[in-house]
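See below for entry.csv, which holds CSV, C-alpha atoms.
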chain,number,residue,atom,x,y,z
A,1,MET,CA,-9.0,-6.1,26.1
A,2,ASP,CA,-9.0,-9.2,24.0
A,3,PHE,CA,-5.8,-9.8,22.0
A,4,GLU,CA,-6.9,-13.1,20.5
A,5,LEU,CA,-7.7,-13.3,16.9
A,6,THR,CA,-11.1,-14.8,16.0
A,7,THR,CA,-11.3,-18.2,14.5
A,8,ASP,CA,-11.9,-16.6,11.0
A,9,GLN,CA,-9.0,-14.3,11.4
A,10,SER,CA,-6.6,-17.1,12.3
A,11,ALA,CA,-7.9,-19.0,9.3
A,12,ILE,CA,-7.1,-16.1,7.1
A,13,LYS,CA,-3.5,-15.9,8.3
A,14,ALA,CA,-3.1,-19.7,8.0
A,15,GLY,CA,-4.7,-19.8,4.5
A,16,VAL,CA,-2.6,-17.0,3.1
A,17,ALA,CA,0.6,-18.4,4.6
A,18,GLU,CA,-0.2,-21.7,3.0
A,19,LEU,CA,-0.8,-20.2,-0.4
A,20,MET,CA,2.3,-18.0,-0.2
A,21,ARG,CA,4.5,-21.1,0.3
A,22,ARG,CA,4.0,-21.7,-3.5
A,23,PHE,CA,6.0,-18.5,-4.1
A,24,ASP,CA,9.5,-18.6,-2.5
A,25,ASP,CA,12.3,-16.1,-2.4
A,26,GLU,CA,13.7,-17.4,-5.7
A,27,TYR,CA,10.4,-16.5,-7.4
A,28,TRP,CA,10.4,-13.0,-6.0
A,29,ARG,CA,14.1,-12.5,-6.7
A,30,ARG,CA,13.5,-13.5,-10.3
A,31,LYS,CA,10.5,-11.3,-10.8
A,32,ASP,CA,12.3,-8.3,-9.3
A,33,HIS,CA,15.4,-8.8,-11.4
A,34,ALA,CA,13.4,-9.2,-14.6
A,35,HIS,CA,11.0,-6.3,-13.8
A,36,GLU,CA,8.2,-8.7,-14.5
A,37,PHE,CA,4.7,-8.4,-12.9
A,38,PRO,CA,4.0,-11.5,-10.7
A,39,HIS,CA,1.0,-12.7,-12.7
A,40,GLU,CA,1.1,-16.3,-11.2
A,41,PHE,CA,0.9,-14.9,-7.7
A,42,TYR,CA,-1.9,-12.4,-8.6
A,43,GLU,CA,-3.9,-15.2,-10.2
A,44,ALA,CA,-3.4,-17.5,-7.2
A,45,ILE,CA,-4.6,-14.8,-4.8
A,46,ALA,CA,-7.6,-14.0,-7.0
A,47,GLY,CA,-8.4,-17.6,-7.4
A,48,GLY,CA,-8.5,-18.1,-3.7
A,49,GLY,CA,-11.1,-15.3,-3.4
A,50,TRP,CA,-8.8,-13.0,-1.3
A,51,LEU,CA,-9.1,-9.9,-3.5
A,52,GLY,CA,-12.8,-9.5,-2.6
A,53,MET,CA,-12.1,-9.6,1.1
A,54,THR,CA,-13.4,-6.1,1.9
A,55,ILE,CA,-15.8,-5.7,-1.0
A,56,PRO,CA,-19.4,-5.9,0.1
A,57,GLU,CA,-21.1,-9.3,-0.3
A,58,GLY,CA,-23.7,-7.8,-2.7
A,59,TYR,CA,-20.9,-7.2,-5.2
A,60,GLY,CA,-19.2,-10.6,-4.9
A,61,GLY,CA,-16.9,-9.9,-2.0
A,62,HIS,CA,-16.7,-11.1,1.7
A,63,GLY,CA,-17.6,-7.7,3.4
A,64,LEU,CA,-14.8,-8.1,5.9
A,65,GLY,CA,-13.0,-5.2,7.7
A,66,ILE,CA,-9.6,-3.5,7.7
A,67,THR,CA,-8.3,-5.9,10.4
A,68,GLU,CA,-8.7,-8.9,8.1
A,69,ALA,CA,-7.2,-6.9,5.2
A,70,THR,CA,-4.1,-6.1,7.3
A,71,LEU,CA,-3.7,-9.7,8.4
A,72,LEU,CA,-3.7,-10.8,4.8
A,73,LEU,CA,-1.2,-8.2,3.6
A,74,GLU,CA,1.1,-8.8,6.5
A,75,GLU,CA,1.3,-12.5,5.7
A,76,VAL,CA,1.8,-11.7,2.0
A,77,ALA,CA,4.8,-9.5,2.8
A,78,ARG,CA,6.1,-11.8,5.5
A,79,SER,CA,6.3,-14.7,3.0
A,80,GLY,CA,9.3,-13.0,1.4
A,81,GLY,CA,7.2,-11.4,-1.3
A,82,GLY,CA,7.6,-8.1,0.4
A,83,MET,CA,6.4,-5.0,-1.4
A,84,ASN,CA,6.5,-6.7,-4.8
A,85,ALA,CA,3.8,-9.0,-3.6
A,86,ALA,CA,1.8,-6.6,-1.6
A,87,SER,CA,1.8,-3.8,-4.2
A,88,ALA,CA,0.5,-6.3,-6.8
A,89,ILE,CA,-2.8,-6.6,-4.8
A,90,HIS,CA,-2.8,-3.6,-2.5
A,91,MET,CA,-5.2,-1.5,-4.6
A,92,SER,CA,-7.7,-4.4,-5.1
A,93,ILE,CA,-7.8,-5.2,-1.4
A,94,PHE,CA,-8.9,-1.8,0.0
A,95,GLY,CA,-8.2,0.9,-2.7
A,96,MET,CA,-11.7,0.9,-4.0
A,97,HIS,CA,-13.1,2.1,-0.6
A,98,PRO,CA,-14.1,5.6,-1.9
A,99,VAL,CA,-16.1,3.9,-4.7
A,100,VAL,CA,-17.7,1.5,-2.2
A,101,LEU,CA,-18.8,4.4,0.0
A,102,HIS,CA,-19.6,7.1,-2.6
A,103,GLY,CA,-19.9,5.6,-6.0
A,104,SER,CA,-23.2,5.2,-7.8
A,105,ASP,CA,-24.9,1.8,-7.8
A,106,ALA,CA,-24.2,1.5,-11.5
A,107,LEU,CA,-20.5,2.3,-11.1
A,108,LYS,CA,-20.2,-0.2,-8.3
A,109,GLU,CA,-22.0,-2.9,-10.3
A,110,ARG,CA,-19.7,-2.3,-13.2
A,111,THR,CA,-16.5,-2.5,-11.3
A,112,LEU,CA,-16.6,-4.1,-7.9
A,113,PRO,CA,-17.5,-7.7,-8.9
A,114,ARG,CA,-14.6,-7.6,-11.4
A,115,ILE,CA,-12.2,-6.4,-8.7
A,116,ALA,CA,-13.4,-9.3,-6.4
A,117,THR,CA,-12.6,-11.9,-9.1
A,118,GLY,CA,-9.3,-10.3,-10.1
A,119,ASP,CA,-10.5,-9.6,-13.6
A,120,LEU,CA,-10.0,-5.9,-13.2
A,121,HIS,CA,-6.7,-4.2,-12.5
A,122,VAL,CA,-6.9,-0.6,-11.1
A,123,CYS,CA,-4.3,2.0,-10.3
A,124,PHE,CA,-4.5,5.1,-8.1
A,125,GLY,CA,-3.8,8.5,-9.7
A,126,VAL,CA,-3.3,11.2,-7.2
A,127,THR,CA,0.3,12.3,-6.9
A,128,GLU,CA,1.7,14.9,-9.3
A,129,PRO,CA,5.3,16.1,-10.0
A,130,GLY,CA,4.6,19.7,-8.8
A,131,ALA,CA,2.4,18.8,-5.8
A,132,GLY,CA,4.0,15.9,-4.0
A,133,LEU,CA,2.3,15.4,-0.7
A,134,ASP,CA,0.4,18.7,-1.1
A,135,THR,CA,-2.7,17.2,-2.8
A,136,SER,CA,-4.5,20.5,-2.8
A,137,ALA,CA,-1.8,21.7,-5.3
A,138,ILE,CA,-2.7,19.2,-8.1
A,139,THR,CA,-3.3,20.8,-11.5
A,140,THR,CA,-4.7,17.9,-13.6
A,141,PHE,CA,-8.0,19.4,-14.8
A,142,ALA,CA,-11.2,17.8,-15.8
A,143,ARG,CA,-13.3,20.2,-18.0
A,144,ARG,CA,-17.1,19.4,-18.2
A,145,ASP,CA,-18.3,19.1,-21.8
A,146,GLY,CA,-21.9,17.9,-21.9
A,147,ASP,CA,-22.2,14.3,-20.7
A,148,ARG,CA,-18.4,13.9,-20.4
A,149,TYR,CA,-15.3,15.4,-18.9
A,150,VAL,CA,-12.1,16.1,-20.8
A,151,VAL,CA,-9.0,15.5,-18.7
A,152,ASN,CA,-5.5,17.0,-19.1
A,153,GLY,CA,-2.6,16.8,-16.8
A,154,ARG,CA,0.3,14.7,-15.4
A,155,LYS,CA,0.6,12.1,-12.6
A,156,VAL,CA,3.7,10.5,-11.1
A,157,TRP,CA,4.5,7.4,-9.0
A,158,ILE,CA,1.5,5.6,-10.2
A,159,SER,CA,1.9,1.9,-9.2
A,160,LYS,CA,0.7,-0.8,-11.5
A,161,ALA,CA,-0.4,1.6,-14.3
A,162,MET,CA,1.2,-0.7,-16.9
A,163,GLU,CA,-1.1,-3.6,-16.0
A,164,SER,CA,-4.2,-1.6,-15.2
A,165,GLU,CA,-7.4,-1.2,-17.2
A,166,LYS,CA,-8.8,1.6,-15.1
A,167,ILE,CA,-7.6,4.4,-12.9
A,168,LEU,CA,-9.1,6.0,-9.8
A,169,LEU,CA,-8.2,9.5,-10.8
A,170,LEU,CA,-8.2,12.7,-8.7
A,171,THR,CA,-8.6,15.9,-10.7
A,172,ARG,CA,-9.5,19.5,-10.3
A,173,THR,CA,-12.9,20.6,-11.8
A,174,THR,CA,-12.6,24.1,-10.3
A,175,ARG,CA,-9.5,26.3,-10.3
A,176,PRO,CA,-7.9,26.9,-6.9
A,177,ASP,CA,-8.5,30.6,-7.1
A,178,GLU,CA,-12.2,30.0,-7.5
A,179,VAL,CA,-12.8,28.0,-4.3
A,180,GLY,CA,-13.0,29.2,-0.7
A,181,LYS,CA,-11.0,26.2,0.6
A,182,LYS,CA,-8.0,24.9,-1.3
A,183,THR,CA,-9.2,21.3,-1.0
A,184,ASP,CA,-12.6,22.1,-2.6
A,185,GLY,CA,-13.2,21.8,-6.3
A,186,MET,CA,-11.5,18.4,-6.7
A,187,THR,CA,-13.4,15.5,-8.3
A,188,LEU,CA,-12.7,11.7,-8.3
A,189,PHE,CA,-13.3,9.4,-11.2
A,190,LEU,CA,-13.0,5.7,-11.8
A,191,THR,CA,-12.4,5.5,-15.5
A,192,ASP,CA,-10.7,3.6,-18.4
A,193,LEU,CA,-6.9,4.2,-18.7
A,194,ASN,CA,-7.1,4.8,-22.4
A,195,ARG,CA,-3.6,4.4,-23.9
A,196,ASP,CA,-4.5,6.6,-26.9
A,197,CYS,CA,-4.8,9.5,-24.5
A,198,VAL,CA,-2.4,8.5,-21.6
A,199,ASP,CA,1.3,8.0,-22.1
A,200,ILE,CA,2.6,5.7,-19.4
A,201,ARG,CA,6.3,5.8,-18.7
A,202,PRO,CA,7.9,3.5,-16.1
A,203,ILE,CA,10.3,5.1,-13.6
A,204,PRO,CA,13.6,3.4,-13.0
A,205,LYS,CA,13.9,2.9,-9.3
A,206,MET,CA,15.8,1.4,-6.4
A,207,GLY,CA,13.6,-1.6,-5.6
A,208,ARG,CA,10.2,-3.2,-5.9
A,209,ASN,CA,10.8,-3.7,-9.5
A,210,ALA,CA,8.3,-6.4,-10.2
A,211,VAL,CA,5.6,-3.8,-9.9
A,212,THR,CA,6.2,-0.6,-11.9
A,213,SER,CA,5.9,2.9,-10.7
A,214,ASN,CA,5.0,5.2,-13.6
A,215,GLU,CA,4.7,8.8,-14.8
A,216,LEU,CA,1.4,9.5,-16.7
A,217,PHE,CA,0.9,12.2,-19.3
A,218,ILE,CA,-2.8,12.7,-19.9
A,219,ASP,CA,-3.9,14.5,-23.0
A,220,ASP,CA,-7.7,15.0,-23.7
A,221,LEU,CA,-8.8,11.9,-21.9
A,222,GLU,CA,-12.6,11.7,-22.3
A,223,VAL,CA,-14.3,10.5,-19.1
A,224,PRO,CA,-18.1,9.8,-19.1
A,225,VAL,CA,-20.1,11.5,-16.3
A,226,GLU,CA,-21.1,8.0,-15.3
A,227,ASP,CA,-17.5,7.3,-14.2
A,228,ARG,CA,-17.5,10.1,-11.6
A,229,VAL,CA,-17.4,9.0,-8.0
A,230,GLY,CA,-20.0,10.9,-6.1
A,231,GLU,CA,-20.5,14.6,-6.5
A,232,GLU,CA,-18.4,17.0,-8.5
A,233,GLY,CA,-16.0,18.9,-6.3
A,234,GLN,CA,-16.1,16.5,-3.4
A,235,GLY,CA,-13.2,14.3,-4.5
A,236,PHE,CA,-10.8,15.3,-1.7
A,237,ARG,CA,-13.3,14.5,1.0
A,238,TYR,CA,-13.9,11.1,-0.6
A,239,LEU,CA,-10.2,10.5,-0.7
A,240,LEU,CA,-9.9,11.1,3.0
A,241,ASP,CA,-12.1,8.1,3.7
A,242,GLY,CA,-9.4,5.9,2.4
A,243,LEU,CA,-6.3,7.5,4.0
A,244,ASN,CA,-6.5,5.9,7.5
A,245,PRO,CA,-7.0,2.4,6.1
A,246,GLU,CA,-4.2,3.0,3.6
A,247,ARG,CA,-1.8,3.9,6.5
A,248,MET,CA,-2.8,0.7,8.3
A,249,LEU,CA,-2.3,-1.5,5.2
A,250,ILE,CA,1.2,0.0,4.7
A,251,ALA,CA,1.9,-0.6,8.3
A,252,ALA,CA,1.0,-4.2,8.0
A,253,GLU,CA,3.2,-4.6,5.0
A,254,ALA,CA,6.2,-3.0,6.7
A,255,LEU,CA,5.6,-5.3,9.7
A,256,GLY,CA,5.6,-8.3,7.5
A,257,ILE,CA,8.9,-7.3,5.8
A,258,GLY,CA,10.4,-6.7,9.2
A,259,ARG,CA,9.3,-10.1,10.4
A,260,VAL,CA,10.7,-12.1,7.5
A,261,ALA,CA,14.0,-10.1,7.6
A,262,LEU,CA,14.3,-10.9,11.3
A,263,ASP,CA,13.6,-14.6,10.7
A,264,ARG,CA,16.3,-14.7,8.1
A,265,ALA,CA,18.8,-13.0,10.4
A,266,VAL,CA,18.1,-15.4,13.2
A,267,GLU,CA,18.5,-18.4,10.9
A,268,TYR,CA,21.8,-17.1,9.7
A,269,GLY,CA,23.0,-16.2,13.2
A,270,LYS,CA,22.5,-19.8,14.2
A,271,GLU,CA,24.1,-21.4,11.2
A,272,ARG,CA,27.0,-19.1,10.4
A,273,GLU,CA,30.2,-19.8,12.4
A,274,VAL,CA,33.2,-17.5,12.7
A,275,PHE,CA,36.1,-18.1,15.1
A,276,GLY,CA,34.6,-21.5,15.9
A,277,ARG,CA,31.2,-20.3,17.2
A,278,PRO,CA,27.8,-19.2,15.8
A,279,ILE,CA,27.8,-15.5,15.2
A,280,GLY,CA,24.4,-15.3,17.0
A,281,MET,CA,26.2,-15.9,20.3
A,282,ASN,CA,27.8,-12.5,20.0
A,283,GLN,CA,25.8,-9.8,21.8
A,284,GLY,CA,26.9,-7.3,19.2
A,285,LEU,CA,24.6,-9.2,16.8
A,286,GLN,CA,22.1,-10.8,19.2
A,287,PHE,CA,21.1,-7.6,21.0
A,288,PRO,CA,20.1,-5.6,17.9
A,289,LEU,CA,17.9,-8.6,16.7
A,290,ALA,CA,16.3,-8.9,20.1
A,291,ASP,CA,15.7,-5.1,20.0
A,292,SER,CA,14.0,-5.5,16.6
A,293,LEU,CA,11.8,-8.2,17.9
A,294,ALA,CA,10.6,-5.9,20.7
A,295,ARG,CA,10.0,-3.0,18.3
A,296,LEU,CA,8.1,-5.1,15.9
A,297,ASP,CA,5.9,-6.5,18.6
A,298,ALA,CA,5.2,-3.0,20.0
A,299,ALA,CA,4.4,-1.7,16.5
A,300,GLU,CA,2.0,-4.6,15.9
A,301,LEU,CA,0.0,-3.7,19.0
A,302,ALA,CA,-0.3,-0.1,17.7
A,303,LEU,CA,-1.6,-1.4,14.4
A,304,ARG,CA,-4.1,-3.8,16.0
A,305,LYS,CA,-5.6,-0.9,18.0
A,306,ALA,CA,-5.9,1.2,14.9
A,307,THR,CA,-7.7,-1.5,12.9
A,308,TRP,CA,-10.0,-2.3,15.8
A,309,LEU,CA,-11.0,1.3,16.1
A,310,TYR,CA,-11.7,1.6,12.4
A,311,ASP,CA,-13.7,-1.5,12.2
A,312,GLN,CA,-15.8,-0.3,15.2
A,313,GLY,CA,-16.5,3.0,13.3
A,314,ARG,CA,-14.5,5.1,15.8
A,315,SER,CA,-12.0,7.9,15.2
A,316,CYS,CA,-8.6,6.5,14.4
A,317,GLY,CA,-6.5,9.2,12.7
A,318,ARG,CA,-4.1,9.3,15.6
A,319,GLU,CA,-3.7,5.6,15.9
A,320,ALA,CA,-3.5,5.0,12.1
A,321,ASN,CA,-0.7,7.5,11.7
A,322,ILE,CA,1.2,6.1,14.8
A,323,ALA,CA,0.9,2.6,13.5
A,324,LYS,CA,2.3,3.6,10.1
A,325,TYR,CA,5.2,5.5,11.7
A,326,LEU,CA,6.1,2.7,14.2
A,327,CYS,CA,5.7,-0.2,11.8
A,328,ALA,CA,7.7,1.5,9.0
A,329,ASP,CA,10.6,2.3,11.4
A,330,ALA,CA,10.6,-1.1,13.0
A,331,GLY,CA,10.4,-2.9,9.7
A,332,PHE,CA,13.3,-1.0,8.2
A,333,ASP,CA,15.4,-1.4,11.3
A,334,ALA,CA,14.9,-5.1,11.2
A,335,ALA,CA,15.8,-5.3,7.5
A,336,ASP,CA,18.9,-3.2,8.1
A,337,ARG,CA,20.0,-5.4,11.0
A,338,ALA,CA,19.3,-8.5,9.0
A,339,LEU,CA,21.6,-7.2,6.3
A,340,GLN,CA,24.3,-6.3,8.9
A,341,THR,CA,24.0,-9.8,10.5
A,342,HIS,CA,24.7,-11.3,7.1
A,343,GLY,CA,27.8,-9.1,6.7
A,344,GLY,CA,29.2,-9.1,3.2
A,345,MET,CA,26.8,-11.8,2.1
A,346,GLY,CA,23.9,-9.5,3.0
A,347,TYR,CA,25.0,-7.2,0.3
A,348,SER,CA,24.7,-9.9,-2.3
A,349,GLU,CA,21.4,-11.0,-3.8
A,350,GLU,CA,21.8,-14.6,-2.8
A,351,TYR,CA,20.3,-14.2,0.7
A,352,ASP,CA,17.5,-11.9,-0.2
A,353,VAL,CA,17.9,-9.5,2.7
A,354,ALA,CA,19.2,-6.9,0.4
A,355,ARG,CA,15.8,-7.0,-1.4
A,356,TYR,CA,14.0,-6.8,1.9
A,357,PHE,CA,16.2,-3.8,2.8
A,358,ARG,CA,15.3,-1.9,-0.4
A,359,GLU,CA,11.6,-2.6,-0.1
A,360,ALA,CA,11.5,-1.8,3.7
A,361,ARG,CA,13.1,1.6,3.0
A,362,LEU,CA,10.2,2.5,0.7
A,363,MET,CA,7.8,2.3,3.6
A,364,ARG,CA,9.4,5.3,5.3
A,365,ILE,CA,8.6,7.4,2.3
A,366,ALA,CA,5.3,6.1,0.9
A,367,PRO,CA,2.4,6.7,0.8
A,368,ILE,CA,3.3,9.5,3.3
A,369,SER,CA,6.7,10.2,4.8
A,370,GLN,CA,7.6,9.8,8.4
A,371,GLU,CA,8.1,13.5,8.7
A,372,MET,CA,4.5,14.2,7.5
A,373,VAL,CA,3.2,11.7,10.1
A,374,LEU,CA,5.0,13.7,12.7
A,375,ASN,CA,3.5,16.9,11.3
A,376,TYR,CA,0.1,15.4,11.7
A,377,LEU,CA,0.7,14.3,15.2
A,378,GLY,CA,2.2,17.6,16.2
A,379,SER,CA,-0.6,19.8,14.9
A,380,HIS,CA,-3.7,17.5,15.1
A,381,VAL,CA,-2.9,15.6,18.2
A,382,LEU,CA,-0.6,17.7,20.3
A,383,GLY,CA,-2.3,20.9,19.2
A,384,LEU,CA,1.0,22.7,18.2
A,385,PRO,CA,1.0,25.4,15.5
A,386,ARG,CA,0.9,23.9,12.0
A,387,SER,CA,4.4,23.9,10.5
A,388,TYR,CA,3.4,23.7,6.8
Please lay out the structure from this file as structure tokens.
Amino acid sequence: MDFELTTDQSAIKAGVAELMRRFDDEYWRRKDHAHEFPHEFYEAIAGGGWLGMTIPEGYGGHGLGITEATLLLEEVARSGGGMNAASAIHMSIFGMHPVVLHGSDALKERTLPRIATGDLHVCFGVTEPGAGLDTSAITTFARRDGDRYVVNGRKVWISKAMESEKILLLTRTTRPDEVGKKTDGMTLFLTDLNRDCVDIRPIPKMGRNAVTSNELFIDDLEVPVEDRVGEEGQGFRYLLDGLNPERMLIAAEALGIGRVALDRAVEYGKEREVFGRPIGMNQGLQFPLADSLARLDAAELALRKATWLYDQGRSCGREANIAKYLCADAGFDAADRALQTHGGMGYSEEYDVARYFREARLMRIAPISQEMVLNYLGSHVLGLPRSY
């Protein structure tokens, strides 16, 4: 086993870290409080060519793998940008993977080069209020009408919809009672997010407020057949191609938040004096931080194995889910302990650990809860009876 990053991978980490120094905690605190999209950050990332990292070279990208993508997003989150920064670019970095694998040449030519340059913002429309994590229960329906589809339905928790020109949209094209398998009859589209037919309503939420989460009400949205990704009825299968990479990206972002939270806690533990001594001397504070270091390091190893397997074209469902589970827990624990180390000041906005705490908590819910990861491991890996 070789745990060394390649020269190119080390250069990615260093290059992203250097760029992120232009966007400090004060920048992200201001964007979060103002509920304002970080356009300056997005443009800097796009200008550096980072958005095209995993897009094939033939479409203006660099054709790199999920390992490089996770290194990028870990550094972005670790800079202090957290999920506000990562969510602003997450979809562009790897979210178009189903289109890369299954989209027509024409669809790829129309969209991927614009993704690579940052000119095109895209959101991901899967989750629905009545379905939650049970994607097979979605009801948004696309009815074929000649050379177009007419879509009606509702989506929820759609990140970046306010800024997006297009949506990667999962719909039903066949009713559930008309298919043999409940995941059949779903179709994926990459189409315009026409505001005349889609009502977008931001959801007030606990954190990550520089990037909106939205509810979408879709009424008679016309979608050209040319915007369909692959074959009709195969959308769920195409979606699965992106699930393991998504778990790895989320894991990397959680890892980055945990790292920056731990760094801030260590700094404060060295500087803050109570009863005539630095608080970091007290084992009651030192041991939890040391434990978080161990847990973050172990979680990172799980993530590195998962991304290596994926880039080698090998099965990685077990490893991807474990990486997401361990990184999300380790990242949140580190953020929680950083807040505790800061005491009352941790509850204020001045030291930013409260923001890290809010954003790290999200990773234990999205895009899949810790409990659903355990369901997967229990049934698919351990072979126990399925519980849902």
Using only C-alpha atoms, can you list as number ranges by chain the residues within 7 Å of (-16.4, 22.3, -12.2)?
A: 143-144, 173-174, 185, 232-233
Using only C-alpha atoms, determine which residues lie at most 10 Å from segment 28-41 of chain A, disregarding the query and same-chain residues fewer than 3 positions distant; provide the list as a PDB file with C-alpha atoms, in the frame of the given file.
ATOM      1  CA  LEU A  19      -0.800 -20.200  -0.400  1.00  0.00           C
ATOM      2  CA  MET A  20       2.300 -18.000  -0.200  1.00  0.00           C
ATOM      3  CA  ARG A  22       4.000 -21.700  -3.500  1.00  0.00           C
ATOM      4  CA  PHE A  23       6.000 -18.500  -4.100  1.00  0.00           C
ATOM      5  CA  ASP A  24       9.500 -18.600  -2.500  1.00  0.00           C
ATOM      6  CA  ASP A  25      12.300 -16.100  -2.400  1.00  0.00           C
ATOM      7  CA  ALA A  44      -3.400 -17.500  -7.200  1.00  0.00           C
ATOM      8  CA  ILE A  45      -4.600 -14.800  -4.800  1.00  0.00           C
ATOM      9  CA  ALA A  46      -7.600 -14.000  -7.000  1.00  0.00           C
ATOM     10  CA  GLY A  47      -8.400 -17.600  -7.400  1.00  0.00           C
ATOM     11  CA  GLY A  80       9.300 -13.000   1.400  1.00  0.00           C
ATOM     12  CA  GLY A  81       7.200 -11.400  -1.300  1.00  0.00           C
ATOM     13  CA  GLY A  82       7.600  -8.100   0.400  1.00  0.00           C
ATOM     14  CA  ASN A  84       6.500  -6.700  -4.800  1.00  0.00           C
ATOM     15  CA  ALA A  85       3.800  -9.000  -3.600  1.00  0.00           C
ATOM     16  CA  ALA A  88       0.500  -6.300  -6.800  1.00  0.00           C
ATOM     17  CA  ILE A  89      -2.800  -6.600  -4.800  1.00  0.00           C
ATOM     18  CA  LYS A 160       0.700  -0.800 -11.500  1.00  0.00           C
ATOM     19  CA  MET A 162       1.200  -0.700 -16.900  1.00  0.00           C
ATOM     20  CA  GLU A 163      -1.100  -3.600 -16.000  1.00  0.00           C
ATOM     21  CA  GLY A 207      13.600  -1.600  -5.600  1.00  0.00           C
ATOM     22  CA  ARG A 208      10.200  -3.200  -5.900  1.00  0.00           C
ATOM     23  CA  ASN A 209      10.800  -3.700  -9.500  1.00  0.00           C
ATOM     24  CA  ALA A 210       8.300  -6.400 -10.200  1.00  0.00           C
ATOM     25  CA  VAL A 211       5.600  -3.800  -9.900  1.00  0.00           C
ATOM     26  CA  THR A 212       6.200  -0.600 -11.900  1.00  0.00           C
ATOM     27  CA  GLU A 349      21.400 -11.000  -3.800  1.00  0.00           C
ATOM     28  CA  GLU A 350      21.800 -14.600  -2.800  1.00  0.00           C
ATOM     29  CA  TYR A 351      20.300 -14.200   0.700  1.00  0.00           C
ATOM     30  CA  ASP A 352      17.500 -11.900  -0.200  1.00  0.00           C
ATOM     31  CA  ARG A 355      15.800  -7.000  -1.400  1.00  0.00           C
TER      32      ARG A 355
END
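Residue nearest Arg21 of chain A, chosen from A:Arg264, A:Arg78, A:Lys205, A:His380 and counting only C-alpha atoms: A:Arg78.
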Segment 266-269 of chain A surroundings by all atoms listed in the file, 8 Å radius, close-in-sequence under 3 positions cut, as a ChimeraX atom specification
/A:262-263,272,278-281,289,341-342
A:Gly180, A:Gly58, A:Gly242, A:Gly230: which is nearest Ile93 of chain A, counting only C-alpha atoms?
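When distances to Ile93 of chain A are compared using only C-alpha atoms, the smallest one comes from A:Gly242.
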Just how far from atom CA of Pro176 of chain A is atom CA of Asp220 of chain A, in Å to one decimal?
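Going from atom CA of Asp220 of chain A over to atom CA of Pro176 of chain A, I get 20.6 Å.
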